[in-house]
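**Student:** Provided below: my_file.pdb, containing PDB, C-alpha atoms.
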MODEL        1
ATOM      1  CA  MET A 291      31.844  13.335  28.270
ATOM      2  CA  PRO A 292      29.540  12.366  25.371
ATOM      3  CA  ARG A 293      28.226   8.824  25.311
ATOM      4  CA  LYS A 294      29.624   6.509  22.666
ATOM      5  CA  PRO A 295      27.099   5.305  20.111
ATOM      6  CA  GLN A 296      25.768   1.875  20.898
ATOM      7  CA  GLN A 297      27.541  -0.893  18.992
ATOM      8  CA  LYS A 298      25.320  -3.136  16.892
ATOM      9  CA  GLY A 299      25.684  -6.825  17.679
ATOM     10  CA  ASP A 300      26.332  -9.661  15.249
ATOM     11  CA  HIS A 301      22.610 -10.441  14.985
ATOM     12  CA  TYR A 302      21.276  -6.878  14.684
ATOM     13  CA  TYR A 303      20.456  -7.311  10.987
ATOM     14  CA  ASP A 304      19.055 -10.829  11.293
ATOM     15  CA  PRO A 305      15.494 -11.240   9.949
ATOM     16  CA  PHE A 306      13.695 -11.368  13.287
ATOM     17  CA  PRO A 307      15.093  -8.214  14.951
ATOM     18  CA  SER A 308      15.042  -6.332  11.637
ATOM     19  CA  ARG A 309      11.393  -7.131  10.995
ATOM     20  CA  LEU A 310      10.435  -6.506  14.589
ATOM     21  CA  ARG A 311      11.975  -3.028  14.338
ATOM     22  CA  GLU A 312      10.090  -2.529  11.078
ATOM     23  CA  LEU A 313       6.771  -3.389  12.741
ATOM     24  CA  ILE A 314       7.471  -1.122  15.698
ATOM     25  CA  GLU A 315       8.361   1.770  13.416
ATOM     26  CA  GLU A 316       5.335   1.254  11.163
ATOM     27  CA  ARG A 317       2.990   1.418  14.152
ATOM     28  CA  ASN A 318       4.814   4.265  15.924
ATOM     29  CA  LEU A 319       5.368   2.157  19.023
ATOM     30  CA  ILE A 320       8.032   2.372  21.699
ATOM     31  CA  GLN A 321       9.721  -0.450  23.592
ATOM     32  CA  ASP A 322       7.419  -0.002  26.581
ATOM     33  CA  ASP A 323       4.434  -0.675  24.303
ATOM     34  CA  LEU A 324       5.942  -3.975  23.196
ATOM     35  CA  THR A 325       6.774  -4.867  26.792
ATOM     36  CA  GLU A 326       3.107  -4.388  27.683
ATOM     37  CA  ILE A 327       1.864  -6.285  24.618
ATOM     38  CA  LEU A 328       4.027  -9.307  25.404
ATOM     39  CA  GLY A 329       3.420  -9.141  29.147
ATOM     40  CA  VAL A 330       7.109  -9.377  29.982
ATOM     41  CA  LYS A 331       8.452  -7.863  33.178
ATOM     42  CA  SER A 332      11.904  -6.972  31.929
ATOM     43  CA  ARG A 333      12.290  -4.134  29.428
ATOM     44  CA  GLN A 334      15.770  -5.481  28.820
ATOM     45  CA  SER A 335      14.315  -8.627  27.253
ATOM     46  CA  VAL A 336      12.404  -6.563  24.697
ATOM     47  CA  THR A 337      15.520  -4.503  23.984
ATOM     48  CA  GLY A 338      17.340  -7.773  23.303
ATOM     49  CA  TYR A 339      14.647  -8.915  20.858
ATOM     50  CA  ILE A 340      14.905  -5.613  19.003
ATOM     51  CA  ASP A 341      18.684  -5.445  18.703
ATOM     52  CA  GLY A 342      19.168  -9.173  18.159
ATOM     53  CA  SER A 343      21.191  -9.787  21.296
ATOM     54  CA  THR A 344      18.469 -12.017  22.790
ATOM     55  CA  ALA A 345      16.660 -14.799  20.938
ATOM     56  CA  PRO A 346      12.941 -15.003  21.841
ATOM     57  CA  THR A 347      11.314 -18.278  22.702
ATOM     58  CA  ALA A 348       8.898 -19.903  20.278
ATOM     59  CA  GLU A 349       6.076 -18.772  22.588
ATOM     60  CA  LYS A 350       7.201 -15.135  22.366
ATOM     61  CA  ILE A 351       7.537 -15.331  18.577
ATOM     62  CA  VAL A 352       3.957 -16.551  18.308
ATOM     63  CA  ALA A 353       2.803 -13.823  20.708
ATOM     64  CA  ILE A 354       4.528 -11.125  18.651
ATOM     65  CA  ALA A 355       3.106 -12.544  15.404
ATOM     66  CA  ARG A 356      -0.424 -12.490  16.857
ATOM     67  CA  ALA A 357      -0.003  -9.006  18.293
ATOM     68  CA  PHE A 358       1.106  -7.556  14.949
ATOM     69  CA  GLN A 359      -1.089  -9.860  12.844
ATOM     70  CA  VAL A 360       1.791 -11.222  10.809
ATOM     71  CA  SER A 361       3.027 -14.758  10.287
ATOM     72  CA  SER A 362       5.777 -16.310  12.388
ATOM     73  CA  ASP A 363       7.464 -17.438   9.170
ATOM     74  CA  TRP A 364       7.698 -13.822   8.009
ATOM     75  CA  LEU A 365       9.158 -12.728  11.343
ATOM     76  CA  LEU A 366      11.820 -15.415  11.038
ATOM     77  CA  GLY A 367      12.640 -14.523   7.437
ATOM     78  CA  LEU A 368      11.227 -17.737   5.951
ATOM     79  CA  THR A 369       8.826 -15.859   3.672
ATOM     80  CA  GLU A 370       8.597 -12.382   2.190
ATOM     81  CA  VAL A 371       4.838 -12.146   2.709
ATOM     82  CA  PRO A 372       3.767 -10.876   6.171
ATOM     83  CA  ALA A 373       0.131 -12.058   6.141
ATOM     84  CA  GLN A 374      -0.969 -14.883   8.429
ATOM     85  CA  ASN A 375      -3.677 -16.192   6.109
ATOM     86  CA  PRO A 376      -2.188 -18.461   3.394
ATOM     87  CA  SER A 377      -4.735 -17.214   0.860
ATOM     88  CA  MET A 378      -3.797 -13.616   1.669
ATOM     89  CA  ARG A 379      -0.131 -14.463   1.249
ATOM     90  CA  ASP A 380      -0.812 -15.950  -2.182
ATOM     91  CA  ILE A 381      -2.783 -12.865  -3.225
ATOM     92  CA  GLU A 382      -0.054 -10.512  -2.024
ATOM     93  CA  LYS A 383       2.594 -12.514  -3.855
ATOM     94  CA  TYR A 384       0.556 -12.559  -7.066
ATOM     95  CA  THR A 385      -0.520  -8.896  -7.024
ATOM     96  CA  HIS A 386       2.623  -7.411  -5.369
ATOM     97  CA  LEU A 387       0.282  -5.387  -3.168
ATOM     98  CA  SER A 388       0.756  -4.726   0.530
ATOM     99  CA  SER A 389      -1.235  -6.545   3.206
ATOM    100  CA  ALA A 390      -3.200  -3.337   3.865
ATOM    101  CA  SER A 391      -4.151  -3.004   0.185
ATOM    102  CA  VAL A 392      -5.254  -6.619  -0.129
ATOM    103  CA  ASP A 393      -7.197  -6.299   3.113
ATOM    104  CA  PHE A 394      -8.964  -3.191   1.802
ATOM    105  CA  LEU A 395      -9.903  -4.899  -1.468
ATOM    106  CA  GLY A 396     -11.258  -7.897   0.414
ATOM    107  CA  ARG A 397     -13.434  -6.041   2.921
ATOM    108  CA  PRO A 398     -17.215  -6.112   2.464
ATOM    109  CA  LYS A 399     -18.367  -3.030   0.556
ATOM    110  CA  LYS A 400     -21.572  -1.442  -0.569
ATOM    111  CA  GLU A 401     -22.644  -2.525  -4.031
ATOM    112  CA  GLU A 402     -22.003   0.962  -5.446
ATOM    113  CA  THR A 403     -18.473   1.031  -4.013
ATOM    114  CA  ARG A 404     -17.672  -2.468  -5.252
ATOM    115  CA  LYS A 405     -18.966  -1.625  -8.707
ATOM    116  CA  ALA A 406     -16.982   1.627  -8.888
ATOM    117  CA  LEU A 407     -13.813  -0.141  -7.738
ATOM    118  CA  ASP A 408     -14.290  -2.877 -10.316
ATOM    119  CA  LEU A 409     -14.758  -0.279 -13.083
ATOM    120  CA  LEU A 410     -11.664   1.587 -11.962
ATOM    121  CA  LEU A 411      -9.391  -1.464 -11.848
ATOM    122  CA  SER A 412     -10.581  -2.739 -15.237
ATOM    123  CA  ALA A 413     -10.428   0.628 -17.062
ATOM    124  CA  LYS A 414      -7.925   0.635 -19.929
ATOM    125  CA  GLU A 415      -6.715   4.125 -18.939
ATOM    126  CA  LEU A 416      -5.607   3.020 -15.464
ATOM    127  CA  PRO A 417      -2.059   1.842 -16.392
ATOM    128  CA  GLU A 418      -1.329   5.186 -18.046
ATOM    129  CA  LEU A 419      -2.673   7.040 -15.016
ATOM    130  CA  LEU A 420      -0.450   5.026 -12.682
ATOM    131  CA  GLN A 421       2.581   5.652 -14.893
ATOM    132  CA  HIS A 422       2.004   9.408 -14.787
ATOM    133  CA  LEU A 423       1.541   9.224 -11.018
ATOM    134  CA  SER A 424       4.901   7.468 -10.791
ATOM    135  CA  ASP A 425       6.441  10.206 -12.961
ATOM    136  CA  VAL A 426       5.114  12.851 -10.575
ATOM    137  CA  GLU A 427       6.586  11.037  -7.582
ATOM    138  CA  ARG A 428       9.962  10.658  -9.318
ATOM    139  CA  ALA A 429      10.015  14.361 -10.273
ATOM    140  CA  VAL A 430       9.304  15.348  -6.655
ATOM    141  CA  VAL A 431      12.107  13.088  -5.381
ATOM    142  CA  ASN A 432      14.571  14.479  -7.927
ATOM    143  CA  ALA A 433      13.644  18.070  -7.115
ATOM    144  CA  ASN A 434      14.057  17.439  -3.377
ATOM    145  CA  ARG A 435      17.338  15.662  -3.968
ATOM    146  CA  THR A 436      18.643  18.587  -5.997
ATOM    147  CA  TYR A 437      17.524  21.099  -3.413
ATOM    148  CA  LEU A 438      18.711  19.279  -0.318
ATOM    149  CA  TYR A 439      21.599  16.989  -1.133
ATOM    150  CA  LEU A 440      23.479  17.759  -4.317
ATOM    151  CA  LYS A 441      26.596  19.817  -3.702
ATOM    152  CA  LEU A 442      26.323  21.989  -6.798
ATOM    153  CA  PRO A 443      27.294  25.620  -7.327
ATOM    154  CA  GLU A 444      24.346  27.884  -6.609
ATOM    155  CA  ASP A 445      23.631  28.722 -10.259
ATOM    156  CA  ASP A 446      23.845  25.075 -11.349
ATOM    157  CA  ARG A 447      21.633  24.018  -8.468
ATOM    158  CA  LYS A 448      18.988  26.585  -9.417
ATOM    159  CA  LYS A 449      19.067  25.451 -13.055
ATOM    160  CA  SER A 450      18.764  21.797 -12.038
ATOM    161  CA  LEU A 451      15.942  22.556  -9.628
ATOM    162  CA  ALA A 452      14.103  24.590 -12.286
ATOM    163  CA  HIS A 453      14.467  21.664 -14.706
ATOM    164  CA  HIS A 454      12.982  19.206 -12.222
ATOM    165  CA  LYS A 455      10.172  21.625 -11.387
ATOM    166  CA  ASP A 456       9.341  21.843 -15.095
ATOM    167  CA  ARG A 457       9.337  18.052 -15.296
ATOM    168  CA  LEU A 458       7.070  17.938 -12.269
ATOM    169  CA  ALA A 459       4.637  20.445 -13.797
ATOM    170  CA  PHE A 460       4.582  18.466 -17.052
ATOM    171  CA  SER A 461       4.035  15.179 -15.208
ATOM    172  CA  VAL A 462       1.185  16.700 -13.184
ATOM    173  CA  PHE A 463      -0.362  18.001 -16.415
ATOM    174  CA  ARG A 464      -0.206  14.544 -18.020
ATOM    175  CA  LEU A 465      -1.549  12.989 -14.829
ATOM    176  CA  THR A 466      -4.512  15.394 -14.907
ATOM    177  CA  LEU A 467      -5.257  14.546 -18.548
ATOM    178  CA  SER A 468      -5.022  10.838 -17.812
ATOM    179  CA  ALA A 469      -7.289  11.147 -14.767
ATOM    180  CA  THR A 470      -9.819  13.088 -16.852
ATOM    181  CA  ALA A 471      -9.764  10.399 -19.526
ATOM    182  CA  LEU A 472     -10.276   7.729 -16.891
ATOM    183  CA  CYS A 473     -13.232   9.619 -15.393
ATOM    184  CA  ASN A 474     -14.761  10.022 -18.848
ATOM    185  CA  GLU A 475     -14.317   6.317 -19.522
ATOM    186  CA  LEU A 476     -15.962   5.350 -16.235
ATOM    187  CA  PHE A 477     -18.810   7.775 -16.880
ATOM    188  CA  HIS A 478     -19.245   6.344 -20.378
ATOM    189  CA  VAL A 479     -19.396   2.775 -19.045
ATOM    190  CA  GLU A 480     -21.927   3.741 -16.371
ATOM    191  CA  GLU A 481     -24.064   5.531 -18.967
ATOM    192  CA  MET A 482     -24.014   2.468 -21.222
ATOM    193  CA  GLU A 483     -24.998   0.217 -18.321
ATOM    194  CA  ARG A 484     -27.851   2.535 -17.362
ATOM    195  CA  LYS A 485     -29.058   2.599 -20.959
ATOM    196  CA  LEU A 486     -28.805  -1.192 -21.199
ATOM    197  CA  SER A 487     -30.781  -1.596 -17.966
ATOM    198  CA  SER A 488     -33.388   0.863 -19.246
ATOM    199  CA  ASP A 489     -33.676  -0.965 -22.574
ATOM    200  CA  MET A 490     -34.038  -4.307 -20.810
ATOM    201  CA  ALA A 491     -36.765  -2.889 -18.583
ATOM    202  CA  ASP A 492     -38.577  -1.463 -21.614
ATOM    203  CA  ASN A 493     -38.341  -4.772 -23.459
ATOM    204  CA  GLU A 494     -39.604  -6.624 -20.412
ATOM    205  CA  GLY A 495     -42.526  -4.185 -20.156
ATOM    206  CA  ILE A 496     -43.412  -4.665 -23.818
ATOM    207  CA  ALA A 497     -43.255  -8.451 -23.451
ATOM    208  CA  ASN A 498     -45.526  -8.343 -20.395
ATOM    209  CA  GLU A 499     -47.951  -6.088 -22.211
ATOM    210  CA  LYS A 500     -48.106  -8.440 -25.220
ATOM    211  CA  GLU A 501     -48.605 -11.405 -22.912
ATOM    212  CA  ALA A 502     -51.440  -9.609 -21.151
ATOM    213  CA  ASN A 503     -53.116  -8.732 -24.503
ATOM    214  CA  ASN A 504     -52.806 -12.278 -25.747
ATOM    215  CA  GLY A 505     -54.354 -13.519 -22.552
TER     216      GLY A 505
ENDMDL
END
Show this structure as structure tokens.

**Tutor:**
Amino acid sequence: MPRKPQQKGDHYYDPFPSRLRELIEERNLIQDDLTEILGVKSRQSVTGYIDGSTAPTAEKIVAIARAFQVSSDWLLGLTEVPAQNPSMRDIEKYTHLSSASVDFLGRPKKEETRKALDLLLSAKELPELLQHLSDVERAVVNANRTYLYLKLPEDDRKKSLAHHKDRLAFSVFRLTLSATALCNELFHVEEMERKLSSDMADNEGIANEKEANNG
């Protein structure tokens, strides 16, 4: 006799169990991993945290927050920003970037990498590039949706899929043009900076030479 699907309790969709399940899924963990992380003896306790049938103690909430490097407030649904660091939370809220993205931007980098990243983020072509990238993603989703989910007659489905493939090809073409323009802009800026540095060095050399002659 097949087993009945497990019934979800009243608290299954509460913030804490929902966000705990989100963290577990993001990190490809299983319940045994969480049991080991928290140092609890009963796997049933962890199951209760995950499905909302058991409320963790304040100590366990702090332990989970530290283990996953998120804030206790986020786990409890008191904030929408997962980061522990208040400054990080402010940055994430302002930029609408994920914790991983903000963390990447804030890590120490070589001067060349930092400079290239700064040029990229300040380039006027970047918004257009991102828009075309979004168009590509949307075209892929629509094509997959047509192919997999829409219950259309075969001929209509093929026509719809062909249309979305054309849109995808066009979006990729525009994305390529935009990326090329961005690369050209970055190259142009770097060339101008090199020329400026060269001119400054030449001017400094001339000034030193004049000073030496006058001496």

**Student:** Give me the residues near A:His422 as a PDB file with C-alpha atoms, in the frame of the given file, where near means some atom within 9 Å (using all atoms listed in the file) and where sequence neighbours in that chain fewer than 2 positions away do not count.

**Tutor:**
ATOM      1  CA  PRO A 417      -2.059   1.842 -16.392  1.00  0.00           C
ATOM      2  CA  GLU A 418      -1.329   5.186 -18.046  1.00  0.00           C
ATOM      3  CA  LEU A 419      -2.673   7.040 -15.016  1.00  0.00           C
ATOM      4  CA  LEU A 420      -0.450   5.026 -12.682  1.00  0.00           C
ATOM      5  CA  SER A 424       4.901   7.468 -10.791  1.00  0.00           C
ATOM      6  CA  ASP A 425       6.441  10.206 -12.961  1.00  0.00           C
ATOM      7  CA  VAL A 426       5.114  12.851 -10.575  1.00  0.00           C
ATOM      8  CA  GLU A 427       6.586  11.037  -7.582  1.00  0.00           C
ATOM      9  CA  SER A 461       4.035  15.179 -15.208  1.00  0.00           C
ATOM     10  CA  VAL A 462       1.185  16.700 -13.184  1.00  0.00           C
ATOM     11  CA  ARG A 464      -0.206  14.544 -18.020  1.00  0.00           C
ATOM     12  CA  LEU A 465      -1.549  12.989 -14.829  1.00  0.00           C
ATOM     13  CA  THR A 466      -4.512  15.394 -14.907  1.00  0.00           C
ATOM     14  CA  SER A 468      -5.022  10.838 -17.812  1.00  0.00           C
TER      15      SER A 468
END

**Student:** My list of candidates is A:Ala345, A:Phe358, A:Gly367, A:Arg397. Which is closest to A:Leu324 when distances are computed with all atoms listed in the file?

**Tutor:** A:Phe358

**Student:** Write out as a ChimeraX atom specification each polymer residue whose atoms come within 10 Å of A:Pro305, counting only C-alpha atoms; drop sequence neighbours fewer than 5 positions from it.

**Tutor:** /A:310-311,342,364-368

**Student:** For A:Cys473, please output as number ranges by chain all residues within 12 Å (counting only C-alpha atoms; exclusion window: fewer than 2 positions along the same chain).

**Tutor:** A: 406, 409-410, 413-416, 419, 466-471, 475-480

**Student:** Rank A:Ala429, A:Ile327, A:Leu451, A:Leu472 by their smallest atom-to-atom distance to A:Ala357, using only C-alpha atoms, and report the top residue only.

**Tutor:**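 Among the listed residues, the smallest separation from A:Ala357 belongs to A:Ile327.
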
**Student:** Could you jot down the atom CA of A:Ser308 to atom CA of A:Glu349 separation for me, Å, one decimal place?

**Tutor:** 18.8 Å

**Student:** With only C-alpha atoms as the atoms that count, which of A:Ala348, A:Leu395, A:Ala433, A:Leu407 lies nearest to A:Ser362?

**Tutor:** A:Ala348

**Student:** Considering all atoms listed in the file, state which residue in the set A:Val330, A:Ala373, A:Val431, A:Leu387 is at the smallest distance from A:Ala353.

**Tutor:**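 The answer is A:Val330, which sits nearest to A:Ala353.
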
**Student:** Distance atom CA of A:Asp300-atom CA of A:Gly338, one decimal place?

**Tutor:**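 Between atom CA of A:Asp300 and atom CA of A:Gly338 the gap works out to 12.2 Å.
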
**Student:** I'd like the neighbourhood of A:Ala452 as an NGL selection string, where a residue qualifies if any of its atoms comes within 12 Å (using all atoms listed in the file), though same-chain residues fewer than 3 positions away should be ignored.

**Tutor:** :A and (429-430 or 432-434 or 436-437 or 445-449 or 455-459)

**Student:** Using only C-alpha atoms, find all polymer residues with an atom at most 7 Å away from the point (6.0, -8.7, 9.5); report them as a PyMOL selection string.

**Tutor:** chain A and resi 309+313+360-361+364-365+372

**Student:** Between A:Phe463, A:Tyr339, A:Tyr384, A:Phe394, single out the one closest to A:Tyr303, counting all atoms listed in the file.

**Tutor:**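 Among A:Phe463, A:Tyr339, A:Tyr384, A:Phe394, it is A:Tyr339 that comes nearest to A:Tyr303.
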
**Student:** Just the residues within 10 Å of A:Leu328, please, counting only C-alpha atoms, with nothing from its chain fewer than 3 positions along; format it as an MDAnalysis selection string.

**Tutor:** chainID A and resid 322:325 331 336 350:351 353:354 357
